[in-house]
$ cat data.tsv   # TSV, C-alpha atoms and all ligand atoms
chain	number	residue	atom	x	y	z
A	8	MET	CA	3.85	-1.20	32.06
A	9	THR	CA	0.99	-0.05	29.85
A	10	GLU	CA	0.15	-1.43	26.44
A	11	ASN	CA	1.12	1.91	24.87
A	12	TYR	CA	4.55	1.79	26.47
A	13	ASP	CA	5.11	-1.77	25.27
A	14	ALA	CA	4.04	-0.82	21.76
A	15	LEU	CA	6.35	2.20	21.78
A	16	MET	CA	9.27	0.13	23.02
A	17	ALA	CA	8.63	-2.51	20.35
A	18	LEU	CA	8.66	0.21	17.71
A	19	LEU	CA	11.84	1.80	19.07
A	20	GLU	CA	13.54	-1.59	19.21
A	21	SER	CA	12.56	-2.57	15.68
A	22	ARG	CA	13.75	0.66	14.02
A	23	HIS	CA	17.19	0.51	12.43
A	24	SER	CA	18.82	2.52	9.70
A	25	CYS	CA	18.24	1.03	6.27
A	26	ARG	CA	20.79	1.66	3.50
A	27	SER	CA	19.71	-0.87	0.92
A	28	PHE	CA	16.36	-0.42	-0.80
A	29	ALA	CA	14.13	-2.39	-3.15
A	30	PRO	CA	13.49	-0.47	-6.38
A	31	ASP	CA	9.74	-0.06	-5.61
A	32	PRO	CA	8.63	3.57	-5.47
A	33	VAL	CA	7.23	5.10	-2.29
A	34	ASP	CA	3.69	6.19	-3.08
A	35	GLU	CA	1.98	9.47	-2.21
A	36	LYS	CA	-0.11	7.92	0.56
A	37	ALA	CA	2.99	6.68	2.39
A	38	LEU	CA	4.72	10.05	1.97
A	39	GLN	CA	1.62	11.80	3.31
A	40	SER	CA	1.70	9.55	6.40
A	41	LEU	CA	5.33	10.55	6.99
A	42	SER	CA	4.49	14.22	6.50
A	43	ASP	CA	1.62	13.99	9.00
A	44	ALA	CA	3.90	12.43	11.63
A	45	PHE	CA	6.58	15.06	10.97
A	46	ALA	CA	4.07	17.89	11.46
A	47	LEU	CA	2.91	16.66	14.88
A	48	ALA	CA	6.28	17.00	16.63
A	49	PRO	CA	6.92	19.77	19.16
A	50	GLN	CA	8.48	22.89	17.69
A	51	ALA	CA	10.42	25.76	19.25
A	52	GLY	CA	8.45	28.99	19.03
A	53	GLY	CA	5.29	27.11	18.02
A	54	GLY	CA	3.09	28.16	15.14
A	55	GLY	CA	5.57	27.19	12.44
A	56	ARG	CA	7.77	30.26	12.90
A	57	ARG	CA	10.95	28.20	12.60
A	58	GLY	CA	9.83	27.23	9.13
A	59	ILE	CA	10.53	23.54	9.74
A	60	GLN	CA	9.92	21.86	6.45
A	61	CYS	CA	10.00	18.36	5.06
A	62	ARG	CA	9.60	17.89	1.35
A	63	PHE	CA	10.09	14.76	-0.65
A	64	VAL	CA	12.12	14.12	-3.76
A	65	THR	CA	10.92	11.04	-5.64
A	66	ASP	CA	12.49	11.75	-9.02
A	67	ARG	CA	15.03	8.93	-9.28
A	68	ALA	CA	17.23	10.82	-11.75
A	69	ALA	CA	17.33	13.85	-9.40
A	70	ILE	CA	18.30	11.66	-6.42
A	71	ARG	CA	21.03	9.90	-8.45
A	72	ASN	CA	22.30	13.23	-9.73
A	73	LEU	CA	22.43	14.70	-6.22
A	74	ALA	CA	24.44	11.76	-4.88
A	75	LYS	CA	26.75	11.75	-7.92
A	76	ARG	CA	27.40	15.50	-7.94
A	77	GLY	CA	27.89	15.56	-4.16
A	78	GLN	CA	30.34	12.66	-4.39
A	79	GLU	CA	32.25	14.33	-7.23
A	80	ALA	CA	32.49	17.59	-5.28
A	81	PHE	CA	33.68	15.66	-2.22
A	82	ILE	CA	36.34	13.78	-4.23
A	83	ALA	CA	37.56	17.07	-5.70
A	84	PHE	CA	37.73	18.52	-2.19
A	85	CYS	CA	39.70	15.48	-0.95
A	86	GLN	CA	42.13	15.78	-3.87
A	87	SER	CA	42.85	19.36	-2.85
A	88	ILE	CA	44.10	18.26	0.60
A	89	PRO	CA	47.92	18.43	0.53
A	90	SER	CA	48.69	15.87	3.25
A	91	PRO	CA	48.30	12.26	1.95
A	92	PHE	CA	47.38	11.08	5.46
A	93	VAL	CA	44.66	13.69	6.00
A	94	ARG	CA	43.47	13.17	2.39
A	95	GLU	CA	43.06	9.43	2.91
A	96	GLN	CA	41.36	9.81	6.30
A	97	THR	CA	38.95	12.42	4.92
A	98	ALA	CA	38.09	10.25	1.91
A	99	ARG	CA	37.45	7.28	4.20
A	100	TYR	CA	35.31	9.41	6.51
A	101	GLY	CA	33.22	10.42	3.50
A	102	GLU	CA	32.44	6.86	2.39
A	103	ASN	CA	29.09	7.00	4.22
A	104	PHE	CA	27.99	10.32	2.76
A	105	PHE	CA	26.84	9.77	-0.82
A	106	TRP	CA	25.63	6.17	-1.03
A	107	PHE	CA	21.95	7.17	-1.33
A	108	GLY	CA	21.77	7.47	-5.14
A	109	GLU	CA	19.54	4.39	-5.46
A	110	ALA	CA	17.09	5.38	-2.71
A	111	PRO	CA	13.58	5.65	-4.21
A	112	ALA	CA	12.76	8.74	-2.14
A	113	LEU	CA	14.53	11.40	-0.17
A	114	ALA	CA	13.06	13.56	2.58
A	115	VAL	CA	14.66	17.01	2.60
A	116	VAL	CA	14.43	18.59	6.04
A	117	SER	CA	15.13	22.30	6.41
A	118	CYS	CA	14.35	25.18	8.71
A	119	ARG	CA	14.49	28.92	8.65
A	120	LYS	CA	17.90	30.51	9.36
A	121	VAL	CA	18.49	32.23	12.71
A	122	PRO	CA	17.26	35.85	12.44
A	123	VAL	CA	19.85	38.62	12.61
A	124	PHE	CA	18.37	40.20	15.76
A	125	LEU	CA	18.86	36.92	17.66
A	126	GLU	CA	22.44	36.57	16.41
A	127	LYS	CA	23.11	40.08	17.71
A	128	LEU	CA	21.48	39.25	21.01
A	129	ALA	CA	23.00	35.86	21.67
A	130	GLY	CA	26.04	35.47	19.37
A	131	ASP	CA	27.06	31.86	18.83
A	132	ARG	CA	24.33	30.64	21.21
A	133	ALA	CA	21.66	32.02	18.89
A	134	HIS	CA	21.01	28.80	16.99
A	135	ARG	CA	20.46	26.93	20.26
A	136	ILE	CA	17.90	29.47	21.39
A	137	TRP	CA	16.25	29.53	17.97
A	138	GLY	CA	15.85	25.77	18.22
A	139	GLY	CA	15.22	25.24	14.51
A	140	GLU	CA	17.67	22.35	14.20
A	141	LEU	CA	16.39	20.65	17.34
A	142	SER	CA	12.79	21.04	16.22
A	143	ALA	CA	13.70	19.57	12.84
A	144	ALA	CA	15.48	16.69	14.57
A	145	MET	CA	12.45	15.90	16.72
A	146	ALA	CA	10.12	15.99	13.75
A	147	SER	CA	12.54	13.80	11.78
A	148	PHE	CA	12.47	11.20	14.51
A	149	SER	CA	8.66	11.14	14.38
A	150	LEU	CA	9.01	10.58	10.65
A	151	LEU	CA	11.45	7.70	11.23
A	152	LEU	CA	9.02	6.02	13.62
A	153	ALA	CA	6.13	6.51	11.22
A	154	ALA	CA	8.26	4.99	8.44
A	155	GLU	CA	8.86	1.94	10.62
A	156	THR	CA	5.13	1.46	11.22
A	157	ILE	CA	4.38	1.34	7.48
A	158	GLY	CA	7.28	-0.94	6.56
A	159	LEU	CA	9.51	1.73	5.07
A	160	GLY	CA	13.26	1.69	5.61
A	161	ALA	CA	14.96	5.01	6.35
A	162	CYS	CA	18.36	6.48	7.09
A	163	CYS	CA	19.20	9.98	8.29
A	164	LEU	CA	22.02	11.69	6.42
A	165	THR	CA	23.94	14.74	7.53
A	166	GLY	CA	27.17	13.61	5.81
A	167	PRO	CA	26.08	15.12	2.45
A	168	LEU	CA	26.07	18.54	4.11
A	169	VAL	CA	29.86	18.42	3.92
A	170	MET	CA	29.26	19.69	0.37
A	171	TRP	CA	26.40	21.90	1.53
A	172	HIS	CA	26.80	24.52	-1.18
A	173	GLU	CA	26.48	21.95	-3.97
A	174	VAL	CA	23.71	20.01	-2.22
A	175	GLU	CA	21.60	23.03	-1.17
A	176	GLY	CA	21.92	24.44	-4.70
A	177	LEU	CA	20.75	21.20	-6.36
A	178	LEU	CA	17.85	20.87	-3.91
A	179	GLY	CA	16.81	24.49	-4.43
A	180	ILE	CA	16.94	25.38	-0.72
A	181	SER	CA	15.88	29.00	-0.41
A	182	LYS	CA	18.41	31.57	0.86
A	183	ARG	CA	16.38	32.20	4.01
A	184	ASP	CA	16.41	28.48	4.92
A	185	THR	CA	19.10	26.04	5.94
A	186	LEU	CA	19.29	22.33	5.14
A	187	ILE	CA	19.29	20.20	8.31
A	188	LEU	CA	19.37	16.67	7.01
A	189	LEU	CA	18.28	14.28	4.30
A	190	ILE	CA	16.45	11.04	5.00
A	191	ALA	CA	16.85	8.24	2.47
A	192	LEU	CA	13.59	6.27	2.17
A	193	GLY	CA	12.39	3.12	0.50
A	194	TYR	CA	11.20	-0.42	1.10
A	195	PRO	CA	14.06	-2.47	2.55
A	196	GLN	CA	15.85	-4.79	0.13
A	197	ALA	CA	14.79	-8.33	1.05
A	201	LIG	C1	21.74	13.18	12.66
A	201	LIG	C2	22.16	11.89	12.01
A	201	LIG	C3	22.99	11.92	10.89
A	201	LIG	C4	23.37	10.74	10.25
A	201	LIG	N1	24.14	10.81	9.11
A	201	LIG	C5	24.46	9.67	8.46
A	201	LIG	C6	25.22	9.73	7.25
A	201	LIG	O1	25.62	10.77	6.77
A	201	LIG	N2	25.47	8.56	6.61
A	201	LIG	C7	25.02	7.36	7.08
A	201	LIG	O2	25.25	6.35	6.42
A	201	LIG	N3	24.31	7.28	8.23
A	201	LIG	C8	24.01	8.40	8.93
A	201	LIG	N4	23.26	8.34	10.08
A	201	LIG	C9	22.78	7.04	10.57
A	201	LIG	C10	23.59	6.56	11.76
A	201	LIG	O3	24.83	6.07	11.31
A	201	LIG	C11	22.77	5.50	12.51
A	201	LIG	O4	21.59	6.07	13.00
A	201	LIG	C12	23.58	4.93	13.68
A	201	LIG	O5	24.68	4.19	13.21
A	201	LIG	C13	22.73	4.04	14.58
A	201	LIG	O6	22.16	2.98	13.86
A	201	LIG	P1	20.59	2.74	13.80
A	201	LIG	O7	19.95	3.96	13.17
A	201	LIG	O8	20.42	1.50	12.96
A	201	LIG	O9	20.08	2.56	15.21
A	201	LIG	C14	22.91	9.49	10.75
A	201	LIG	C15	22.10	9.47	11.90
A	201	LIG	C16	21.72	10.64	12.51
A	201	LIG	C17	20.84	10.59	13.74
$ encode --input "data.tsv" --output "structure tokens" --more "lines below"
Ligand SMILES: Cc1cc2nc3c(=O)[nH]c(=O)nc-3n(C[C@H](O)[C@H](O)[C@H](O)COP(=O)(O)O)c2cc1C
Amino acid sequence: MTENYDALMALLESRHSCRSFAPDPVDEKALQSLSDAFALAPQAGGGGRRGIQCRFVTDRAAIRNLAKRGQEAFIAFCQSIPSPFVREQTARYGENFFWFGEAPALAVVSCRKVPVFLEKLAGDRAHRIWGGELSAAMASFSLLLAAETIGLGACCLTGPLVMWHEVEGLLGISKRDTLILLIALGYPQA
């Protein structure tokens, strides 16, 4: 095998989700490196028409508030479930959704919504043809690998989307876009 392949495999093997971060901030240079990696991924439609976007939140109070408000909304939702069994299972399922309040940075990955003409053309297959979510996923993986190369820990999060209305509102996601995932970022806790 080539050196490049070995290096890639070493990188893939060393990457793991990180959920516990040191308090150190993630500086602009590191975030720029992640952004650059994100931008180089293949994209359906090419030319940025899917509006794949990655922006970073580094305001600690805003990250804490997002996790807290999301968790509160989720608890309220759980309390509204009449069946004790389903309520308990749902609450347990949600334990991995809103732990990211102490992450020093959050990548917010979004893409443009499927256009109406495509929905008319392809119905519930439209989002697969549009490819916005897949493109965002590919770019997010490039970001994860870049994070690994610069010693940053990261964890993808789609769980918070369970309270998408609350979360998209707090993050100021525009009406023409849809939130795909969050990525918690920071230097791993030693
Ligand atoms: C699309 C996606 C969504 C995820 N959502 C969550 C989540 O909401 N909460 C969480 O703690 N981990 C989440 N993860 C992380 C996975 O649990 C993790 O990648 C998986 O357990 C494999 O572990 P590894 O990343 O260390 O290889 C998500 C991962 C992916 C790819």
$ residues_near_ligand --input "data.tsv" --ligand "ligand LIG 201 (chain A)" --cutoff "7 Å" --atoms "all atoms listed in the file" --output "PyMOL selection string"
chain A and resi 22-24+103-104+162-167
$ atom_distance --input "data.tsv" --atom1 "atom CA of A:Glu35" --atom2 "atom CA of A:Ala48"
20.7 Å
$ closest_atom_pairs --input "data.tsv" --of "stretch 166-187 of chain A" --to "stretch 114-128 of chain A" --cutoff "8 Å" --atoms "only C-alpha atoms" --output "JSON lines"
{"residue": "A:Ile180", "atom": "CA", "partner": "A:Ser117", "partner_atom": "CA", "distance": 8.0}
{"residue": "A:Arg183", "atom": "CA", "partner": "A:Lys120", "partner_atom": "CA", "distance": 5.8}
{"residue": "A:Asp184", "atom": "CA", "partner": "A:Arg119", "partner_atom": "CA", "distance": 4.2}
{"residue": "A:Thr185", "atom": "CA", "partner": "A:Ser117", "partner_atom": "CA", "distance": 5.5}
{"residue": "A:Leu186", "atom": "CA", "partner": "A:Ser117", "partner_atom": "CA", "distance": 4.3}
{"residue": "A:Ile187", "atom": "CA", "partner": "A:Ser117", "partner_atom": "CA", "distance": 5.0}
$ closest_residue --input "data.tsv" --among "A:Leu47, A:Phe92, A:Pro30, A:Ser40" --to "A:Ala146" --atoms "all atoms listed in the file"
A:Leu47
$ residues_around --input "data.tsv" --residues "A:Gly52" --least-positions-apart "2" --cutoff "10 Å" --atoms "all atoms listed in the file" --output "PyMOL selection string"
chain A and resi 49-50+54-57+136-139+142
$ closest_residue --input "data.tsv" --among "A:Lys36, A:Lys182, A:His172, A:Arg71" --to "A:Phe107" --atoms "all atoms listed in the file"
A:Arg71
$ atom_distance --input "data.tsv" --atom1 "atom CA of A:Cys61" --atom2 "atom CA of A:Ala98"
29.4 Å
$ closest_residue --input "data.tsv" --among "A:Ala80, A:Cys25, A:Leu38, A:Ala51" --to "A:Leu168" --atoms "all atoms listed in the file"
A:Ala80
$ atom_distance --input "data.tsv" --atom1 "atom CA of A:Tyr194" --atom2 "atom CA of A:Gly158"
6.7 Å
$ build_atoms --input "data.tsv" --residues "stretch 45-72 of chain A" --atoms "N, CA and C atoms" --output "PDB file, in the coordinates of the input"
ATOM      1  N   PHE A  45       5.581  13.977  10.852  1.00  0.00           N
ATOM      2  CA  PHE A  45       6.580  15.060  10.970  1.00  0.00           C
ATOM      3  C   PHE A  45       5.926  16.313  11.558  1.00  0.00           C
ATOM      4  N   ALA A  46       4.733  16.628  11.078  1.00  0.00           N
ATOM      5  CA  ALA A  46       4.070  17.890  11.460  1.00  0.00           C
ATOM      6  C   ALA A  46       3.597  17.893  12.912  1.00  0.00           C
ATOM      7  N   LEU A  47       3.457  16.714  13.519  1.00  0.00           N
ATOM      8  CA  LEU A  47       2.910  16.660  14.880  1.00  0.00           C
ATOM      9  C   LEU A  47       3.957  16.830  15.985  1.00  0.00           C
ATOM     10  N   ALA A  48       5.216  16.919  15.607  1.00  0.00           N
ATOM     11  CA  ALA A  48       6.280  17.000  16.630  1.00  0.00           C
ATOM     12  C   ALA A  48       6.271  18.383  17.298  1.00  0.00           C
ATOM     13  N   PRO A  49       6.814  18.456  18.523  1.00  0.00           N
ATOM     14  CA  PRO A  49       6.920  19.770  19.160  1.00  0.00           C
ATOM     15  C   PRO A  49       7.896  20.660  18.398  1.00  0.00           C
ATOM     16  N   GLN A  50       7.661  21.954  18.474  1.00  0.00           N
ATOM     17  CA  GLN A  50       8.480  22.890  17.690  1.00  0.00           C
ATOM     18  C   GLN A  50       8.789  24.146  18.492  1.00  0.00           C
ATOM     19  N   ALA A  51      10.051  24.522  18.555  1.00  0.00           N
ATOM     20  CA  ALA A  51      10.420  25.760  19.250  1.00  0.00           C
ATOM     21  C   ALA A  51       9.639  26.929  18.655  1.00  0.00           C
ATOM     22  N   GLY A  52       9.161  27.810  19.527  1.00  0.00           N
ATOM     23  CA  GLY A  52       8.450  28.990  19.030  1.00  0.00           C
ATOM     24  C   GLY A  52       6.998  28.717  18.678  1.00  0.00           C
ATOM     25  N   GLY A  53       6.668  27.458  18.393  1.00  0.00           N
ATOM     26  CA  GLY A  53       5.290  27.110  18.020  1.00  0.00           C
ATOM     27  C   GLY A  53       4.876  27.790  16.743  1.00  0.00           C
ATOM     28  N   GLY A  54       3.701  27.437  16.263  1.00  0.00           N
ATOM     29  CA  GLY A  54       3.090  28.160  15.140  1.00  0.00           C
ATOM     30  C   GLY A  54       3.886  28.185  13.851  1.00  0.00           C
ATOM     31  N   GLY A  55       4.880  27.286  13.725  1.00  0.00           N
ATOM     32  CA  GLY A  55       5.570  27.190  12.440  1.00  0.00           C
ATOM     33  C   GLY A  55       6.556  28.308  12.157  1.00  0.00           C
ATOM     34  N   ARG A  56       6.897  29.105  13.175  1.00  0.00           N
ATOM     35  CA  ARG A  56       7.770  30.260  12.900  1.00  0.00           C
ATOM     36  C   ARG A  56       9.209  29.852  12.578  1.00  0.00           C
ATOM     37  N   ARG A  57       9.587  28.643  12.942  1.00  0.00           N
ATOM     38  CA  ARG A  57      10.950  28.200  12.600  1.00  0.00           C
ATOM     39  C   ARG A  57      11.008  27.656  11.170  1.00  0.00           C
ATOM     40  N   GLY A  58       9.853  27.647  10.529  1.00  0.00           N
ATOM     41  CA  GLY A  58       9.830  27.230   9.130  1.00  0.00           C
ATOM     42  C   GLY A  58      10.336  25.814   8.920  1.00  0.00           C
ATOM     43  N   ILE A  59      10.091  24.934   9.895  1.00  0.00           N
ATOM     44  CA  ILE A  59      10.530  23.540   9.740  1.00  0.00           C
ATOM     45  C   ILE A  59       9.783  22.939   8.553  1.00  0.00           C
ATOM     46  N   GLN A  60      10.543  22.371   7.670  1.00  0.00           N
ATOM     47  CA  GLN A  60       9.920  21.860   6.450  1.00  0.00           C
ATOM     48  C   GLN A  60      10.455  20.484   6.092  1.00  0.00           C
ATOM     49  N   CYS A  61       9.559  19.652   5.598  1.00  0.00           N
ATOM     50  CA  CYS A  61      10.000  18.360   5.060  1.00  0.00           C
ATOM     51  C   CYS A  61       9.356  18.225   3.694  1.00  0.00           C
ATOM     52  N   ARG A  62      10.177  18.174   2.668  1.00  0.00           N
ATOM     53  CA  ARG A  62       9.600  17.890   1.350  1.00  0.00           C
ATOM     54  C   ARG A  62      10.277  16.654   0.782  1.00  0.00           C
ATOM     55  N   PHE A  63       9.594  16.040  -0.150  1.00  0.00           N
ATOM     56  CA  PHE A  63      10.090  14.760  -0.650  1.00  0.00           C
ATOM     57  C   PHE A  63      10.537  14.871  -2.101  1.00  0.00           C
ATOM     58  N   VAL A  64      11.659  14.240  -2.378  1.00  0.00           N
ATOM     59  CA  VAL A  64      12.120  14.120  -3.760  1.00  0.00           C
ATOM     60  C   VAL A  64      11.905  12.658  -4.144  1.00  0.00           C
ATOM     61  N   THR A  65      11.152  12.421  -5.201  1.00  0.00           N
ATOM     62  CA  THR A  65      10.920  11.040  -5.640  1.00  0.00           C
ATOM     63  C   THR A  65      11.397  10.821  -7.082  1.00  0.00           C
ATOM     64  N   ASP A  66      11.950  11.856  -7.661  1.00  0.00           N
ATOM     65  CA  ASP A  66      12.490  11.750  -9.020  1.00  0.00           C
ATOM     66  C   ASP A  66      13.832  11.017  -8.931  1.00  0.00           C
ATOM     67  N   ARG A  67      13.842   9.775  -9.458  1.00  0.00           N
ATOM     68  CA  ARG A  67      15.030   8.930  -9.280  1.00  0.00           C
ATOM     69  C   ARG A  67      16.278   9.561  -9.905  1.00  0.00           C
ATOM     70  N   ALA A  68      16.070  10.210 -11.070  1.00  0.00           N
ATOM     71  CA  ALA A  68      17.230  10.820 -11.750  1.00  0.00           C
ATOM     72  C   ALA A  68      17.782  11.963 -10.882  1.00  0.00           C
ATOM     73  N   ALA A  69      16.885  12.720 -10.238  1.00  0.00           N
ATOM     74  CA  ALA A  69      17.330  13.850  -9.400  1.00  0.00           C
ATOM     75  C   ALA A  69      18.093  13.337  -8.179  1.00  0.00           C
ATOM     76  N   ILE A  70      17.623  12.222  -7.609  1.00  0.00           N
ATOM     77  CA  ILE A  70      18.300  11.660  -6.420  1.00  0.00           C
ATOM     78  C   ILE A  70      19.692  11.136  -6.825  1.00  0.00           C
ATOM     79  N   ARG A  71      19.734  10.416  -7.956  1.00  0.00           N
ATOM     80  CA  ARG A  71      21.030   9.900  -8.450  1.00  0.00           C
ATOM     81  C   ARG A  71      22.002  11.044  -8.711  1.00  0.00           C
ATOM     82  N   ASN A  72      21.464  12.087  -9.365  1.00  0.00           N
ATOM     83  CA  ASN A  72      22.300  13.230  -9.730  1.00  0.00           C
ATOM     84  C   ASN A  72      22.860  13.926  -8.472  1.00  0.00           C
TER      85      ASN A  72
END
